[in-house]
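Okay, coords-v2.csv is below, CSV, C-alpha atoms and all ligand atoms:
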chain,number,residue,atom,x,y,z
A,1,MET,CA,-17.3,16.9,-155.1
A,2,PRO,CA,-15.2,14.6,-152.8
A,3,THR,CA,-12.7,12.4,-154.7
A,4,VAL,CA,-10.7,9.5,-153.1
A,5,THR,CA,-7.7,8.1,-154.9
A,6,VAL,CA,-7.0,4.4,-154.3
A,7,GLN,CA,-3.7,2.8,-155.0
A,8,VAL,CA,-4.1,-1.0,-154.8
A,9,PRO,CA,-0.6,-2.5,-154.3
A,10,SER,CA,0.0,-5.0,-157.1
A,11,GLN,CA,-1.8,-2.7,-159.6
A,12,PRO,CA,0.3,-0.3,-161.7
A,13,THR,CA,-1.8,2.9,-161.5
A,14,PRO,CA,-4.2,4.3,-158.9
A,15,TYR,CA,-7.9,5.0,-159.6
A,16,ASP,CA,-10.3,7.8,-158.5
A,17,ILE,CA,-13.6,7.4,-156.7
A,18,HIS,CA,-15.8,10.5,-157.5
A,19,ILE,CA,-18.6,11.0,-155.0
A,20,GLY,CA,-21.5,13.4,-155.4
A,21,HIS,CA,-25.2,14.1,-155.5
A,22,GLY,CA,-26.6,13.8,-159.0
A,23,LEU,CA,-23.3,12.6,-160.4
A,24,LEU,CA,-24.9,10.2,-163.0
A,25,LYS,CA,-26.4,13.2,-164.8
A,26,THR,CA,-23.2,15.3,-164.8
A,27,CYS,CA,-20.4,12.7,-165.2
A,28,ALA,CA,-20.0,12.9,-169.0
A,29,PRO,CA,-16.7,15.0,-168.7
A,30,LEU,CA,-15.2,12.2,-166.4
A,31,LEU,CA,-15.9,9.7,-169.2
A,32,ALA,CA,-14.2,11.8,-171.9
A,33,PRO,CA,-11.1,9.6,-172.0
A,34,TYR,CA,-13.3,6.8,-173.5
A,35,ASN,CA,-14.5,8.9,-176.5
A,36,GLY,CA,-14.8,6.7,-179.5
A,37,ARG,CA,-14.9,3.4,-177.5
A,38,ARG,CA,-17.8,0.9,-177.0
A,39,ALA,CA,-19.3,0.2,-173.6
A,40,VAL,CA,-21.6,-2.5,-172.3
A,41,VAL,CA,-23.4,-1.2,-169.2
A,42,VAL,CA,-24.2,-4.2,-167.0
A,43,ALA,CA,-27.1,-3.6,-164.6
A,44,ASP,CA,-29.7,-5.7,-162.9
A,45,GLU,CA,-33.4,-5.8,-163.3
A,46,ASN,CA,-33.8,-3.1,-160.6
A,47,THR,CA,-31.0,-0.7,-161.5
A,48,ALA,CA,-31.5,-1.0,-165.3
A,49,PRO,CA,-35.0,0.7,-165.4
A,50,LEU,CA,-34.0,3.2,-162.7
A,51,TYR,CA,-30.6,4.4,-163.9
A,52,GLY,CA,-29.8,2.7,-167.2
A,53,GLU,CA,-31.0,5.5,-169.5
A,54,THR,CA,-29.2,8.2,-167.5
A,55,MET,CA,-26.0,6.1,-167.6
A,56,LEU,CA,-26.3,5.5,-171.3
A,57,ALA,CA,-26.9,9.2,-171.9
A,58,ALA,CA,-23.8,10.2,-170.0
A,59,LEU,CA,-21.7,7.7,-172.0
A,60,SER,CA,-23.2,8.9,-175.3
A,61,GLY,CA,-22.5,12.5,-174.2
A,62,ALA,CA,-18.8,11.5,-173.9
A,63,GLY,CA,-18.8,9.9,-177.4
A,64,VAL,CA,-19.1,6.3,-176.3
A,65,THR,CA,-21.2,3.8,-178.2
A,66,THR,CA,-23.4,1.9,-175.7
A,67,SER,CA,-25.6,-1.1,-175.0
A,68,LEU,CA,-27.3,-2.1,-171.8
A,69,PHE,CA,-27.5,-5.6,-170.4
A,70,ALA,CA,-29.7,-6.4,-167.3
A,71,LEU,CA,-29.1,-9.4,-165.1
A,72,PRO,CA,-31.6,-10.9,-162.7
A,73,ALA,CA,-31.3,-9.2,-159.2
A,74,GLY,CA,-29.9,-11.0,-156.2
A,75,GLU,CA,-27.0,-13.1,-155.0
A,76,THR,CA,-27.9,-16.1,-157.1
A,77,THR,CA,-26.9,-14.1,-160.2
A,78,LYS,CA,-23.2,-14.3,-159.2
A,79,CYS,CA,-22.9,-17.7,-160.9
A,80,PRO,CA,-21.0,-19.2,-163.8
A,81,GLU,CA,-24.2,-19.4,-165.9
A,82,GLN,CA,-24.9,-15.7,-165.7
A,83,LEU,CA,-21.2,-15.0,-166.4
A,84,LEU,CA,-21.5,-16.9,-169.7
A,85,ARG,CA,-24.5,-14.7,-170.6
A,86,LEU,CA,-22.4,-11.6,-170.0
A,87,TYR,CA,-19.6,-12.9,-172.2
A,88,ASP,CA,-22.2,-13.4,-174.9
A,89,ALA,CA,-23.4,-9.9,-174.5
A,90,PHE,CA,-19.9,-8.6,-174.8
A,91,LEU,CA,-19.4,-10.6,-178.0
A,92,ASP,CA,-22.7,-9.4,-179.4
A,93,ALA,CA,-21.6,-5.8,-178.7
A,94,HIS,CA,-18.3,-6.5,-180.5
A,95,LEU,CA,-16.4,-5.4,-177.4
A,96,THR,CA,-12.6,-5.3,-178.0
A,97,ARG,CA,-9.8,-4.9,-175.6
A,98,ALA,CA,-10.0,-1.1,-176.1
A,99,ASP,CA,-13.6,-1.1,-174.9
A,100,LEU,CA,-15.2,-1.0,-171.5
A,101,VAL,CA,-17.6,-2.6,-169.1
A,102,VAL,CA,-19.7,-0.3,-166.8
A,103,ALA,CA,-21.1,-2.1,-163.7
A,104,LEU,CA,-24.2,-0.2,-162.6
A,105,GLY,CA,-25.7,-1.7,-159.5
A,106,GLY,CA,-24.9,-3.1,-156.0
A,107,GLY,CA,-22.1,-5.5,-155.0
A,108,VAL,CA,-23.6,-8.4,-157.0
A,109,VAL,CA,-23.4,-6.5,-160.3
A,110,GLY,CA,-20.0,-5.1,-159.4
A,111,ASP,CA,-18.6,-8.5,-158.6
A,112,ILE,CA,-19.9,-10.4,-161.6
A,113,ALA,CA,-19.4,-7.6,-164.2
A,114,GLY,CA,-16.0,-7.0,-162.7
A,115,TYR,CA,-15.0,-10.6,-163.0
A,116,ALA,CA,-16.4,-10.8,-166.6
A,117,ALA,CA,-14.4,-7.6,-167.5
A,118,CYS,CA,-11.3,-9.1,-165.9
A,119,THR,CA,-11.5,-12.4,-167.9
A,120,TYR,CA,-13.1,-11.4,-171.2
A,121,LEU,CA,-10.2,-11.1,-173.8
A,122,ARG,CA,-7.8,-11.2,-170.8
A,123,GLY,CA,-9.2,-7.9,-169.5
A,124,VAL,CA,-11.1,-4.9,-170.8
A,125,HIS,CA,-11.5,-1.5,-169.1
A,126,LEU,CA,-13.8,-1.4,-166.1
A,127,ILE,CA,-15.8,1.4,-164.6
A,128,GLN,CA,-17.9,0.9,-161.5
A,129,VAL,CA,-21.1,2.8,-160.6
A,130,PRO,CA,-22.2,1.4,-157.3
A,131,THR,CA,-25.8,2.0,-156.4
A,132,THR,CA,-26.1,0.4,-152.9
A,133,LEU,CA,-24.5,2.0,-149.8
A,134,LEU,CA,-22.7,-1.3,-149.2
A,135,ALA,CA,-21.2,-1.3,-152.7
A,136,GLN,CA,-20.3,2.4,-152.3
A,137,VAL,CA,-18.4,2.1,-149.0
A,138,ASP,CA,-17.1,-1.4,-149.4
A,139,SER,CA,-17.0,-3.4,-152.6
A,140,SER,CA,-16.1,-0.5,-154.9
A,141,VAL,CA,-12.8,-0.2,-153.0
A,142,GLY,CA,-10.1,-2.8,-153.0
A,143,GLY,CA,-10.3,-4.4,-156.4
A,144,LYS,CA,-11.9,-7.7,-155.6
A,145,VAL,CA,-14.2,-9.3,-158.2
A,146,ALA,CA,-15.8,-12.7,-158.0
A,147,VAL,CA,-18.6,-15.1,-158.8
A,148,ASN,CA,-19.8,-17.9,-156.6
A,149,HIS,CA,-19.2,-21.6,-157.2
A,150,PRO,CA,-22.0,-24.0,-156.3
A,151,ARG,CA,-19.8,-25.2,-153.4
A,152,GLY,CA,-19.1,-21.7,-152.0
A,153,LYS,CA,-19.3,-18.0,-152.1
A,154,ASN,CA,-16.7,-16.0,-154.1
A,155,LEU,CA,-14.7,-19.1,-154.9
A,156,LEU,CA,-13.9,-17.9,-158.4
A,157,GLY,CA,-12.3,-14.5,-158.2
A,158,ALA,CA,-9.5,-12.1,-158.9
A,159,LEU,CA,-8.1,-8.7,-158.0
A,160,TYR,CA,-8.8,-6.5,-160.9
A,161,GLN,CA,-8.2,-2.8,-161.4
A,162,ARG,CA,-11.2,-0.6,-162.1
A,163,GLU,CA,-10.3,2.7,-163.8
A,164,LEU,CA,-13.0,4.9,-162.3
A,165,VAL,CA,-15.7,4.7,-159.7
A,166,LEU,CA,-18.7,7.0,-159.8
A,167,ILE,CA,-20.8,7.2,-156.7
A,168,ASP,CA,-24.0,9.1,-157.0
A,169,CYS,CA,-25.4,9.3,-153.5
A,170,ASP,CA,-28.9,10.2,-154.9
A,171,THR,CA,-29.2,6.6,-156.2
A,172,LEU,CA,-29.7,5.6,-152.5
A,173,LYS,CA,-33.1,7.4,-152.5
A,174,THR,CA,-34.6,4.5,-154.5
A,175,LEU,CA,-32.9,1.8,-152.4
A,176,ASP,CA,-35.0,-0.2,-150.0
A,177,ALA,CA,-34.6,1.1,-146.4
A,178,ARG,CA,-33.4,-2.3,-145.2
A,179,GLN,CA,-30.6,-2.3,-147.7
A,180,VAL,CA,-29.6,1.3,-146.7
A,181,GLY,CA,-29.5,0.1,-143.1
A,182,ALA,CA,-27.2,-2.8,-144.0
A,183,GLY,CA,-24.8,-0.3,-145.6
A,184,LEU,CA,-25.1,2.0,-142.6
A,185,GLY,CA,-23.9,-0.9,-140.4
A,186,GLU,CA,-20.7,-0.9,-142.4
A,187,VAL,CA,-20.4,2.9,-142.2
A,188,ILE,CA,-20.7,2.7,-138.4
A,189,LYS,CA,-18.2,-0.1,-138.3
A,190,TYR,CA,-15.6,2.2,-139.9
A,191,GLY,CA,-16.1,4.7,-137.1
A,192,CYS,CA,-15.8,2.0,-134.5
A,193,ILE,CA,-12.6,0.5,-135.7
A,194,ALA,CA,-10.7,3.4,-137.2
A,195,ASP,CA,-12.2,6.9,-136.9
A,196,ARG,CA,-13.6,8.2,-133.6
A,197,ALA,CA,-14.4,11.6,-135.3
A,198,LEU,CA,-16.6,9.8,-137.9
A,199,PHE,CA,-18.3,7.9,-135.1
A,200,GLU,CA,-18.9,11.2,-133.2
A,201,ARG,CA,-20.1,12.9,-136.3
A,202,LEU,CA,-22.7,10.1,-136.9
A,203,GLU,CA,-23.7,10.4,-133.2
A,204,SER,CA,-24.3,14.2,-133.5
A,205,LEU,CA,-26.2,13.8,-136.8
A,206,GLY,CA,-28.3,11.1,-135.1
A,207,SER,CA,-30.6,10.0,-137.9
A,208,ARG,CA,-30.7,8.9,-141.5
A,209,GLU,CA,-32.5,12.1,-142.5
A,210,ALA,CA,-29.8,14.3,-140.9
A,211,LEU,CA,-27.1,12.2,-142.6
A,212,GLN,CA,-28.5,12.6,-146.1
A,213,PRO,CA,-27.1,16.1,-147.0
A,214,VAL,CA,-23.6,15.2,-145.9
A,215,LEU,CA,-23.7,11.6,-147.2
A,216,ASP,CA,-21.1,12.3,-149.9
A,217,GLU,CA,-18.5,13.3,-147.3
A,218,VAL,CA,-19.3,10.4,-145.1
A,219,ILE,CA,-19.1,7.9,-148.0
A,220,ALA,CA,-15.8,9.5,-149.0
A,221,ARG,CA,-14.4,9.0,-145.5
A,222,CYS,CA,-15.4,5.4,-145.5
A,223,CYS,CA,-13.8,4.8,-148.9
A,224,GLU,CA,-10.6,6.5,-147.6
A,225,ILE,CA,-10.5,4.2,-144.5
A,226,LYS,CA,-11.1,1.0,-146.6
A,227,ALA,CA,-8.4,2.2,-149.1
A,228,GLN,CA,-5.9,2.7,-146.2
A,229,TYR,CA,-6.5,-0.9,-145.1
A,230,VAL,CA,-6.2,-2.3,-148.6
A,231,GLN,CA,-3.0,-0.4,-149.2
A,232,ALA,CA,-1.5,-1.5,-145.9
A,233,ASP,CA,-2.4,-5.2,-146.4
A,234,PRO,CA,-3.2,-6.0,-150.0
A,235,LEU,CA,-3.2,-9.7,-149.6
A,236,ASP,CA,-5.5,-9.7,-146.6
A,237,HIS,CA,-3.1,-11.5,-144.3
A,238,GLY,CA,-2.7,-8.9,-141.5
A,239,VAL,CA,-4.3,-5.6,-140.4
A,240,ARG,CA,-7.1,-5.8,-142.9
A,241,MET,CA,-8.7,-8.4,-140.6
A,242,GLN,CA,-9.8,-5.4,-138.5
A,243,LEU,CA,-12.5,-4.8,-141.1
A,244,ASN,CA,-14.1,-8.0,-139.7
A,245,PHE,CA,-15.1,-6.3,-136.5
A,246,GLY,CA,-18.5,-7.7,-135.6
A,247,HIS,CA,-18.2,-10.5,-138.1
A,248,THR,CA,-17.4,-13.4,-135.7
A,249,LEU,CA,-20.9,-13.5,-134.4
A,250,ALA,CA,-22.4,-12.1,-137.7
A,251,HIS,CA,-21.3,-15.1,-139.8
A,252,ALA,CA,-22.6,-17.5,-137.1
A,253,LEU,CA,-26.0,-15.7,-137.0
A,254,GLU,CA,-26.3,-15.7,-140.8
A,255,ASN,CA,-25.5,-19.4,-140.8
A,256,ALA,CA,-27.8,-20.3,-137.9
A,257,MET,CA,-30.7,-18.3,-139.2
A,258,GLY,CA,-30.3,-19.3,-142.8
A,259,TYR,CA,-28.5,-17.2,-145.4
A,260,GLY,CA,-30.6,-14.2,-146.5
A,261,THR,CA,-32.8,-14.0,-143.4
A,262,LEU,CA,-30.6,-11.2,-142.1
A,263,LEU,CA,-28.8,-9.0,-144.5
A,264,HIS,CA,-25.0,-9.1,-143.9
A,265,GLY,CA,-24.8,-5.6,-142.6
A,266,GLU,CA,-27.7,-6.3,-140.2
A,267,ALA,CA,-25.9,-9.3,-138.8
A,268,VAL,CA,-22.7,-7.2,-138.5
A,269,SER,CA,-24.7,-4.6,-136.5
A,270,ILE,CA,-25.7,-7.3,-133.9
A,271,GLY,CA,-22.2,-8.7,-134.0
A,272,MET,CA,-20.5,-5.3,-133.3
A,273,VAL,CA,-22.5,-4.7,-130.1
A,274,ALA,CA,-21.8,-8.3,-129.0
A,275,ALA,CA,-18.0,-7.9,-129.7
A,276,ALA,CA,-17.9,-4.6,-127.8
A,277,ARG,CA,-19.5,-6.3,-124.8
A,278,TRP,CA,-17.0,-9.2,-125.0
A,279,GLY,CA,-14.2,-6.7,-125.1
A,280,GLU,CA,-15.6,-4.9,-122.0
A,281,ARG,CA,-15.9,-8.3,-120.1
A,282,LEU,CA,-12.3,-9.2,-121.1
A,283,GLY,CA,-11.0,-5.8,-120.0
A,284,VAL,CA,-9.9,-4.8,-123.6
A,285,THR,CA,-12.7,-2.4,-124.4
A,286,PRO,CA,-13.4,0.6,-122.0
A,287,ALA,CA,-16.7,0.2,-120.2
A,288,GLY,CA,-19.6,2.0,-121.8
A,289,CYS,CA,-18.5,1.5,-125.4
A,290,SER,CA,-21.0,-1.2,-126.2
A,291,GLU,CA,-23.9,0.9,-125.0
A,292,ARG,CA,-22.7,3.9,-127.1
A,293,ILE,CA,-22.4,1.7,-130.2
A,294,LYS,CA,-25.9,0.2,-129.5
A,295,ARG,CA,-27.4,3.7,-129.2
A,296,LEU,CA,-25.8,4.8,-132.5
A,297,LEU,CA,-26.9,1.7,-134.4
A,298,GLN,CA,-30.4,2.1,-133.0
A,299,ALA,CA,-30.5,5.8,-134.0
A,300,TYR,CA,-29.9,4.7,-137.6
A,301,GLY,CA,-32.6,2.0,-137.4
A,302,LEU,CA,-30.5,-1.1,-137.0
A,303,MET,CA,-31.0,-4.2,-134.9
A,304,THR,CA,-28.6,-4.7,-132.0
A,305,GLU,CA,-29.6,-7.9,-130.3
A,306,ARG,CA,-29.6,-11.4,-131.6
A,307,PRO,CA,-33.1,-13.0,-132.0
A,308,ASP,CA,-34.2,-15.2,-129.1
A,309,GLY,CA,-34.0,-19.0,-129.3
A,310,LEU,CA,-30.6,-19.4,-131.0
A,311,SER,CA,-28.5,-22.0,-129.1
A,312,PRO,CA,-25.2,-20.5,-127.7
A,313,ASP,CA,-23.6,-23.9,-128.1
A,314,ALA,CA,-24.5,-24.1,-131.8
A,315,LEU,CA,-23.4,-20.5,-132.4
A,316,ALA,CA,-20.1,-21.1,-130.7
A,317,ALA,CA,-19.6,-24.3,-132.7
A,318,THR,CA,-20.2,-22.3,-136.0
A,319,MET,CA,-17.8,-19.6,-134.9
A,320,ALA,CA,-15.1,-22.3,-134.5
A,321,LEU,CA,-15.5,-22.9,-138.3
A,322,ASP,CA,-14.8,-19.2,-139.0
A,323,LYS,CA,-12.2,-18.5,-141.6
A,324,LYS,CA,-10.3,-16.5,-139.0
A,325,ALA,CA,-10.0,-19.6,-136.8
A,326,VAL,CA,-6.4,-20.6,-136.1
A,327,GLY,CA,-6.1,-24.0,-134.3
A,328,ALA,CA,-8.4,-24.0,-131.3
A,329,SER,CA,-9.0,-20.2,-131.2
A,330,VAL,CA,-10.8,-17.6,-133.3
A,331,ARG,CA,-9.0,-14.4,-134.0
A,332,THR,CA,-11.7,-11.9,-132.9
A,333,VAL,CA,-11.5,-8.1,-133.4
A,334,LEU,CA,-12.1,-6.2,-130.2
A,335,LEU,CA,-12.2,-2.4,-129.7
A,336,THR,CA,-9.5,-0.8,-127.6
A,337,ASP,CA,-11.6,2.3,-127.7
A,338,ILE,CA,-14.1,3.9,-130.0
A,339,GLY,CA,-12.0,4.4,-133.2
A,340,SER,CA,-9.3,1.8,-132.5
A,341,CYS,CA,-9.2,-2.0,-132.3
A,342,THR,CA,-7.0,-5.1,-132.1
A,343,GLY,CA,-7.2,-8.8,-133.0
A,344,VAL,CA,-7.5,-11.1,-129.9
A,345,PRO,CA,-7.5,-14.9,-130.2
A,346,LEU,CA,-10.4,-16.3,-128.2
A,347,THR,CA,-11.0,-20.0,-127.6
A,348,VAL,CA,-14.4,-21.5,-128.6
A,349,ALA,CA,-15.0,-22.1,-124.9
A,350,GLN,CA,-14.4,-18.4,-124.1
A,351,LEU,CA,-16.7,-17.4,-127.0
A,352,ARG,CA,-19.4,-19.8,-125.6
A,353,ASP,CA,-19.1,-18.2,-122.2
A,354,LEU,CA,-19.3,-14.7,-123.6
A,355,LEU,CA,-22.5,-15.4,-125.6
B,1,LIG,N1,-15.8,-7.2,-154.0
B,1,LIG,C1,-15.8,-6.8,-152.7
B,1,LIG,O1,-14.8,-6.3,-152.1
B,1,LIG,C2,-17.1,-7.0,-151.9
B,1,LIG,C3,-17.2,-6.5,-150.6
B,1,LIG,C4,-18.4,-6.6,-150.0
B,1,LIG,C5,-19.5,-7.3,-150.5
B,1,LIG,N2,-19.3,-7.8,-151.8
B,1,LIG,C6,-20.4,-8.6,-152.4
B,1,LIG,O2,-21.5,-7.7,-152.6
B,1,LIG,C7,-22.7,-8.4,-152.7
B,1,LIG,C8,-23.8,-7.7,-151.9
B,1,LIG,O3,-23.9,-6.4,-152.5
B,1,LIG,P1,-25.2,-5.5,-152.2
B,1,LIG,O4,-25.5,-5.6,-150.7
B,1,LIG,O5,-25.0,-4.2,-152.8
B,1,LIG,O6,-26.4,-6.4,-152.8
B,1,LIG,P2,-27.1,-6.4,-154.2
B,1,LIG,O7,-26.1,-6.0,-155.3
B,1,LIG,O8,-27.8,-7.7,-154.3
B,1,LIG,O9,-28.2,-5.2,-154.1
B,1,LIG,C9,-29.2,-5.3,-153.2
B,1,LIG,C10,-30.6,-5.1,-153.9
B,1,LIG,O10,-30.7,-3.7,-154.2
B,1,LIG,C11,-31.1,-3.5,-155.6
B,1,LIG,N3,-30.6,-2.2,-155.9
B,1,LIG,C12,-29.3,-1.9,-156.1
B,1,LIG,N4,-29.2,-0.5,-156.2
B,1,LIG,C13,-30.4,0.0,-156.1
B,1,LIG,C14,-30.9,1.3,-156.1
B,1,LIG,N5,-30.1,2.4,-156.2
B,1,LIG,N6,-32.3,1.5,-156.0
B,1,LIG,C15,-33.1,0.4,-155.9
B,1,LIG,N7,-32.6,-0.9,-155.8
B,1,LIG,C16,-31.3,-1.1,-155.9
B,1,LIG,C17,-30.5,-4.7,-156.3
B,1,LIG,O11,-31.2,-4.9,-157.5
B,1,LIG,C18,-30.8,-5.8,-155.3
B,1,LIG,O12,-32.1,-6.3,-155.4
B,1,LIG,C19,-22.4,-9.8,-152.2
B,1,LIG,O13,-22.4,-10.7,-153.3
B,1,LIG,C20,-21.0,-9.7,-151.6
B,1,LIG,O14,-20.3,-10.9,-151.7
B,1,LIG,C21,-18.2,-7.7,-152.5

Give the structure from this file in structure tokens form.
Amino acid sequence: MPTVTVQVPSQPTPYDIHIGHGLLKTCAPLLAPYNGRRAVVVADENTAPLYGETMLAALSGAGVTTSLFALPAGETTKCPEQLLRLYDAFLDAHLTRADLVVALGGGVVGDIAGYAACTYLRGVHLIQVPTTLLAQVDSSVGGKVAVNHPRGKNLLGALYQRELVLIDCDTLKTLDARQVGAGLGEVIKYGCIADRALFERLESLGSREALQPVLDEVIARCCEIKAQYVQADPLDHGVRMQLNFGHTLAHALENAMGYGTLLHGEAVSIGMVAAARWGERLGVTPAGCSERIKRLLQAYGLMTERPDGLSPDALAATMALDKKAVGASVRTVLLTDIGSCTGVPLTVAQLRDLL
């Protein structure tokens, strides 16, 4: 079973991410340190019926007293009102500082349950059991937890140490194919920016079906890459921005098309092909990379072209508002090859011409 150890700078001890097929059924020994404690398992209305009982059984098998709390599914759940409901559930379960919260779900559950665990009684133990591919390769690594404020996404947040992450790849079998695709966009991104061998492995596997048997290894590699970025740049001021490859156009597309029309990973997929083309035109990216990335994304069932009818002027204007904008230019991640990248400041006029 692949295991990745993550040391988040600013946090005293590292934590392990265990990755395997069927892990939910066999993870009781990993939970043994919590024998005698209480746990609230936080899920959502989709993950609770699918995996709640199995998770409770694993915890009971380790001698943990459990209760299950299901939130509504979806991004709107990451709000202060649902956070208060979680605190009530923790109080009802008589959770003390010795006890734990288990987040069983995608990034939404991970973020809100993590934020609740961080703030309730100034912090209780946190275990994450991510059940979407995006949460497995991205949000379970790095320590960020958050809820949204009515004025903006993730405005109330913290860096909080989880103690253990359990990734059961088999949970992806019940995940909607579109959600799997959104996670695959992020998986392919890691190959593009940091690991040519991963990119080539995904090319030779060539389909979602062929990927399935080796998914645990691929997820582990993605967690390792994200962990390396987090360790190198814990405050997100430098090299970590490379993780935003494809995001300059992706954010503008999500904004222009209305949030939720495209899943984030789908927008990133389109954005990566565009950024590779920009790099080729600017002489930063070797010719042919964009076609190669496009073929790989298509092999895994992802969109690669922006929908017709979006005004390039409006997209460029939105890109100027990007959080990576510095003065008149937007720091854009361009590939120097498959598996390596660099940040290049581009003016809004340049981006407009490139679109
Ligand atoms: N903390 C971080 O570092 C970080 C990083 C990236 C994204 N995020 C956050 O993650 C969130 C997005 O996460 P997401 O894409 O996982 O979305 P999500 O949590 O909303 O899950 C997507 C949908 O899949 C359902 N689902 C989850 N697992 C399932 C399974 N195994 N089978 C069937 N259905 C399942 C959920 O109920 C939901 O309807 C955003 O809020 C984003 O801000 C956080």

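One finds CA of Asp92 (chain A) at 11.5 Å from CA of Leu68 (chain A).
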
Can you tell me how far atom O12 of ligand LIG 1 (chain B) sits from CA of Gly107 (chain A), in Å to one decimal? 10.0 Å

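Closest approach to ligand LIG 1 (chain B) from the set A:Gly106, A:Gly191, A:Gly265, A:Gly301 is made by A:Gly106, with distances taken over all atoms listed in the file.
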
So the first atom is CA of Pro49 (chain A) and the second is atom C2 of ligand LIG 1 (chain B); what is the distance between them in Å, to one decimal place? 23.7 Å

Environment of ligand LIG 1 (chain B) within 6 Å, counting only C-alpha atoms and all ligand atoms, reported as a PyMOL selection string: chain A and resi 44+46-47+73-75+105-109+111+131-132+134-135+138-139+142+144-145+171-172+174-175

Excluding Leu296 (chain A) and residues on its chain fewer than 2 positions from it, collect all residues at most 8 Å away from it, counting only C-alpha atoms, and give them as a ChimeraX atom specification. /A:202-203,206,292-294,298-300

In terms of the shortest atom-to-atom distance over only C-alpha atoms, which of A:Ala287, A:Ile188, A:Leu164, A:Leu334 is closest to His18 (chain A)? A:Leu164

If we count only C-alpha atoms, what is near Ile225 (chain A) at a cut-off of 9 Å, once residues fewer than 5 positions away on the same chain are taken out, given as a ChimeraX atom specification? /A:190,194-195,220,230

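With all atoms listed in the file as the basis for measurement, A:Ala98 is the residue among A:Thr342, A:Gln82, A:His21, A:Ala98 that approaches Gly36 (chain A) most closely.
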
Which residues of region 49-157 of chain A sit at most 12 Å from region 208-218 of chain A, using all atoms listed in the file? Give each one's shortest atom pair and distance in Å (one decimal place), in chain and ascending residue order, as a Markdown table.
| residue | atom | partner | partner_atom | distance |
| --- | --- | --- | --- | --- |
| A:Leu133 | CA | A:Leu215 | CA | 10.0 |
| A:Gln136 | CA | A:Asp216 | CA | 10.2 |
| A:Val137 | CA | A:Val218 | CA | 9.2 |

Kindly export the residues of the current selection with C-alpha atoms, as a PDB file, in the coordinates of the input.
ATOM      1  CA  LEU A 133     -24.500   2.000-149.800  1.00  0.00           C
ATOM      2  CA  GLN A 136     -20.300   2.400-152.300  1.00  0.00           C
ATOM      3  CA  VAL A 137     -18.400   2.100-149.000  1.00  0.00           C
TER       4      VAL A 137
END

Name the residues in contact with Leu104 (chain A) at a cut-off of 7 Å, using all atoms listed in the file, excluding same-chain residues fewer than 2 positions from it; report them as an MDAnalysis selection string. chainID A and resid 41:43 47 102 109 128:131

Proximity to Leu235 (chain A) - best of A:Val8, A:Ala146, A:Leu86, A:Leu354, all atoms listed in the file: A:Val8

Set the distance at 9 Å and use all atoms listed in the file: which residues neighbour Ala227 (chain A) once local chain neighbours fewer than 2 positions away are removed? I'd like the list as a count of residues only. 15

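Among the candidates A:Cys341, A:Ser329, A:Ala252, A:Pro12, the residue lying nearest to Ala314 (chain A) is A:Ala252 (atoms considered: all atoms listed in the file).
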
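Checking A:Leu205, A:Ala117, A:Leu351, A:Cys27 one by one against Arg97 (chain A), counting all atoms listed in the file, you find the shortest gap at A:Ala117.
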
For Ala57 (chain A), please output as a PyMOL selection string all residues within 12 Å (counting only C-alpha atoms; exclusion window: fewer than 5 positions along the same chain). chain A and resi 24-28+31+39+41+51-52+62-68
